[in-house]
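Engineer: First the structure, which I've put down as structure tokens, then a few questions once you've had a look.
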Amino acid sequence: MKNAHKMLNDILVTLFNEILDIEEEALSVGEFGDISVNDMHIMEAIGLEEPKNMSFIAKKMAVTMGTLTVCMNKLVKKGYVSRIRSDEDRRIVYLSLREKGRRAYEHHAAFHAEMIEAVKAGMDKKEMEVLIGSLNRLEKFFQKYMTLEEKVIDNS
């Protein structure tokens, strides 16, 4: 394909923008209209399992502790997240989802499941393997790029 580079670029740029827009729209319906996609991704990082500490979430989300603290203040105030101080070390703060946060998490997970089913529809095993391989390479590029960005920022 002569224009494969341009086609891939157009598809990826459009997909990234549309996914963010559609996620925002899907969240803004009903009881979760007071959170952003970024808020939801933070709650996704907290997860449904045992509480996670602030530094773990900040690292996972590639944000500063200050940025995470601002987000947490809003999510705690809105009733999505609980903060729990460690009994052993009061400087350590653990985060967990409250019932409202769990409902938002499940709502968001359902959106993602629907999206994945739409992608998989009509694909055979070989096509799925090719798609997964391609997306894994894209993910590795992003991880490498993020690592390079962190090095640039650290050297500033």
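Chain labels follow the order of the structure tokens: the first chain is A, the next B, and so on; residue numbering restarts at 1 in every chain, and ligands are counted from 1 in their shown order.
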Each residue of stretch 2-85 of chain A with at least one atom at most 12 Å from stretch 98-111 of chain A should appear once, together with its nearest atom pair and the corresponding distance in Å (one decimal); atoms considered: only C-alpha atoms; ordering: chain, then increasing residue number; output as JSON lines.
Structural biologist:
{"residue": "A:Ile19", "atom": "CA", "partner": "A:Phe111", "partner_atom": "CA", "distance": 10.7}
{"residue": "A:Ile22", "atom": "CA", "partner": "A:Phe111", "partner_atom": "CA", "distance": 9.6}
{"residue": "A:Glu23", "atom": "CA", "partner": "A:Phe111", "partner_atom": "CA", "distance": 7.8}
{"residue": "A:Glu24", "atom": "CA", "partner": "A:His108", "partner_atom": "CA", "distance": 10.2}
{"residue": "A:Glu25", "atom": "CA", "partner": "A:Phe111", "partner_atom": "CA", "distance": 10.9}
{"residue": "A:Ala26", "atom": "CA", "partner": "A:Phe111", "partner_atom": "CA", "distance": 7.6}
{"residue": "A:Leu27", "atom": "CA", "partner": "A:His108", "partner_atom": "CA", "distance": 7.3}
{"residue": "A:Ser28", "atom": "CA", "partner": "A:Ala104", "partner_atom": "CA", "distance": 10.8}
{"residue": "A:Val29", "atom": "CA", "partner": "A:His107", "partner_atom": "CA", "distance": 10.4}
{"residue": "A:Gly30", "atom": "CA", "partner": "A:Ala104", "partner_atom": "CA", "distance": 10.5}
{"residue": "A:Glu31", "atom": "CA", "partner": "A:Ala104", "partner_atom": "CA", "distance": 8.5}
{"residue": "A:Phe32", "atom": "CA", "partner": "A:Ala104", "partner_atom": "CA", "distance": 6.5}
{"residue": "A:Gly33", "atom": "CA", "partner": "A:Ala104", "partner_atom": "CA", "distance": 10.1}
{"residue": "A:Asp34", "atom": "CA", "partner": "A:Ala104", "partner_atom": "CA", "distance": 10.8}
{"residue": "A:Ile35", "atom": "CA", "partner": "A:Ala104", "partner_atom": "CA", "distance": 9.3}
{"residue": "A:Ser36", "atom": "CA", "partner": "A:Ala104", "partner_atom": "CA", "distance": 11.1}
{"residue": "A:Val37", "atom": "CA", "partner": "A:His108", "partner_atom": "CA", "distance": 9.4}
{"residue": "A:Asn38", "atom": "CA", "partner": "A:His108", "partner_atom": "CA", "distance": 11.9}
{"residue": "A:Asp39", "atom": "CA", "partner": "A:Gly101", "partner_atom": "CA", "distance": 10.2}
{"residue": "A:Met40", "atom": "CA", "partner": "A:Tyr105", "partner_atom": "CA", "distance": 7.2}
{"residue": "A:His41", "atom": "CA", "partner": "A:Tyr105", "partner_atom": "CA", "distance": 8.9}
{"residue": "A:Ile42", "atom": "CA", "partner": "A:Tyr105", "partner_atom": "CA", "distance": 10.0}
{"residue": "A:Met43", "atom": "CA", "partner": "A:Tyr105", "partner_atom": "CA", "distance": 6.8}
{"residue": "A:Glu44", "atom": "CA", "partner": "A:Tyr105", "partner_atom": "CA", "distance": 6.4}
{"residue": "A:Ala45", "atom": "CA", "partner": "A:Tyr105", "partner_atom": "CA", "distance": 10.0}
{"residue": "A:Ile46", "atom": "CA", "partner": "A:Tyr105", "partner_atom": "CA", "distance": 9.7}
{"residue": "A:Gly47", "atom": "CA", "partner": "A:Tyr105", "partner_atom": "CA", "distance": 7.8}
{"residue": "A:Leu48", "atom": "CA", "partner": "A:Arg102", "partner_atom": "CA", "distance": 6.9}
{"residue": "A:Glu49", "atom": "CA", "partner": "A:Arg102", "partner_atom": "CA", "distance": 10.5}
{"residue": "A:Pro51", "atom": "CA", "partner": "A:Arg98", "partner_atom": "CA", "distance": 10.8}
{"residue": "A:Leu75", "atom": "CA", "partner": "A:Gly101", "partner_atom": "CA", "distance": 8.7}
{"residue": "A:Val76", "atom": "CA", "partner": "A:Arg98", "partner_atom": "CA", "distance": 9.0}
{"residue": "A:Lys77", "atom": "CA", "partner": "A:Arg98", "partner_atom": "CA", "distance": 11.5}
{"residue": "A:Lys78", "atom": "CA", "partner": "A:Lys100", "partner_atom": "CA", "distance": 9.0}
{"residue": "A:Gly79", "atom": "CA", "partner": "A:Lys100", "partner_atom": "CA", "distance": 6.6}
{"residue": "A:Tyr80", "atom": "CA", "partner": "A:Gly101", "partner_atom": "CA", "distance": 4.1}
{"residue": "A:Val81", "atom": "CA", "partner": "A:Arg98", "partner_atom": "CA", "distance": 5.2}
{"residue": "A:Ser82", "atom": "CA", "partner": "A:Arg98", "partner_atom": "CA", "distance": 6.2}
{"residue": "A:Arg83", "atom": "CA", "partner": "A:Arg98", "partner_atom": "CA", "distance": 9.8}
{"residue": "A:Ile84", "atom": "CA", "partner": "A:Arg98", "partner_atom": "CA", "distance": 11.7}
Engineer: From a DSSP pass on the backbone, collect the residues of stretch 69-143 of chain A flagged as strand (DSSP E or B) and hand them back as a count of residues only.
Structural biologist: 10
Engineer: Neighbours of A:Tyr94 within 12 Å (only C-alpha atoms; same-chain residues fewer than 5 positions away dropped), as a list in words?
Structural biologist: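 Everything that qualifies: Ile46, Glu50, Pro51, Lys52, Asn53, Met54, Ser55, Phe56, Ile57, Ala58, Thr69, Met72, Val81, Ser82, Arg83, Ile84, Arg85, Ser86, Asp87 and Asp89 of chain A.
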Engineer: Could you tell me, as a PyMOL selection string, which residues of stretch 40-127 of chain A DSSP assigns to helix (DSSP H, G or I) when given the backbone?
Structural biologist: chain A and resi 40-46+54-61+65-77+99-120+125-127
Engineer: Convert the current residue selection to file output with C-alpha atoms, as a compact mmCIF listing (two decimals), in the first residue's frame.
Structural biologist:
# COMPACT_ATOMS: atom_id res chain seq x y z
CA MET A 40 -12.09 7.35 35.85
CA HIS A 41 -8.65 6.17 34.81
CA ILE A 42 -7.35 7.00 38.27
CA MET A 43 -10.18 4.96 39.79
CA GLU A 44 -9.32 2.18 37.35
CA ALA A 45 -5.72 2.29 38.63
CA ILE A 46 -7.00 2.03 42.22
CA MET A 54 -0.69 7.08 46.64
CA SER A 55 2.84 6.62 45.30
CA PHE A 56 1.85 3.39 43.52
CA ILE A 57 -1.06 5.15 41.79
CA ALA A 58 1.04 8.23 40.92
CA LYS A 59 3.68 6.02 39.33
CA LYS A 60 1.14 3.89 37.49
CA MET A 61 -0.60 6.99 36.12
CA MET A 65 2.06 13.25 43.83
CA GLY A 66 0.81 16.85 43.77
CA THR A 67 -1.33 16.20 40.70
CA LEU A 68 -2.69 13.00 42.20
CA THR A 69 -3.47 14.75 45.49
CA VAL A 70 -5.56 17.38 43.68
CA CYS A 71 -7.48 14.64 41.84
CA MET A 72 -7.94 12.64 45.05
CA ASN A 73 -9.31 15.67 46.89
CA LYS A 74 -12.03 15.97 44.25
CA LEU A 75 -12.81 12.24 44.13
CA VAL A 76 -12.98 11.98 47.93
CA LYS A 77 -15.25 15.03 48.13
CA GLU A 99 -19.51 2.10 46.62
CA LYS A 100 -20.09 4.99 44.17
CA GLY A 101 -16.55 4.54 42.83
CA ARG A 102 -17.14 0.81 42.38
CA ARG A 103 -20.30 1.51 40.39
CA ALA A 104 -18.41 3.98 38.18
CA TYR A 105 -15.63 1.41 37.74
CA GLU A 106 -18.13 -1.26 36.66
CA HIS A 107 -19.89 1.20 34.31
CA HIS A 108 -16.54 2.04 32.69
CA ALA A 109 -15.54 -1.64 32.50
CA ALA A 110 -18.81 -2.39 30.67
CA PHE A 111 -17.98 0.32 28.10
CA HIS A 112 -14.55 -1.24 27.56
CA ALA A 113 -16.04 -4.74 27.23
CA GLU A 114 -18.47 -3.46 24.61
CA MET A 115 -15.61 -1.79 22.74
CA ILE A 116 -13.53 -5.01 22.76
CA GLU A 117 -16.47 -7.10 21.55
CA ALA A 118 -17.00 -4.66 18.66
CA VAL A 119 -13.32 -4.99 17.68
CA LYS A 120 -13.39 -8.79 17.90
CA LYS A 125 -7.91 -16.33 15.22
CA LYS A 126 -5.13 -15.23 12.82
CA GLU A 127 -6.54 -11.71 12.47
Engineer: Which residue out of A:Val13, A:Arg90, A:Gln143, A:Leu135 has the minimum interatomic distance to A:Ala62 when only C-alpha atoms are used?
Structural biologist: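 Residue with the minimum atom-to-atom distance to A:Ala62: A:Gln143.
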Engineer: What does the structure give for the distance between atom CA of A:His5 and atom CA of A:Asp124, in Å to one decimal?
Structural biologist: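 These two atoms are separated by 24.9 Å.
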Engineer: Please compute the atom CA of A:Val63-atom CA of A:Asn17 distance, one decimal, in Å.
Structural biologist: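 Between atom CA of A:Val63 and atom CA of A:Asn17 the gap works out to 20.8 Å.
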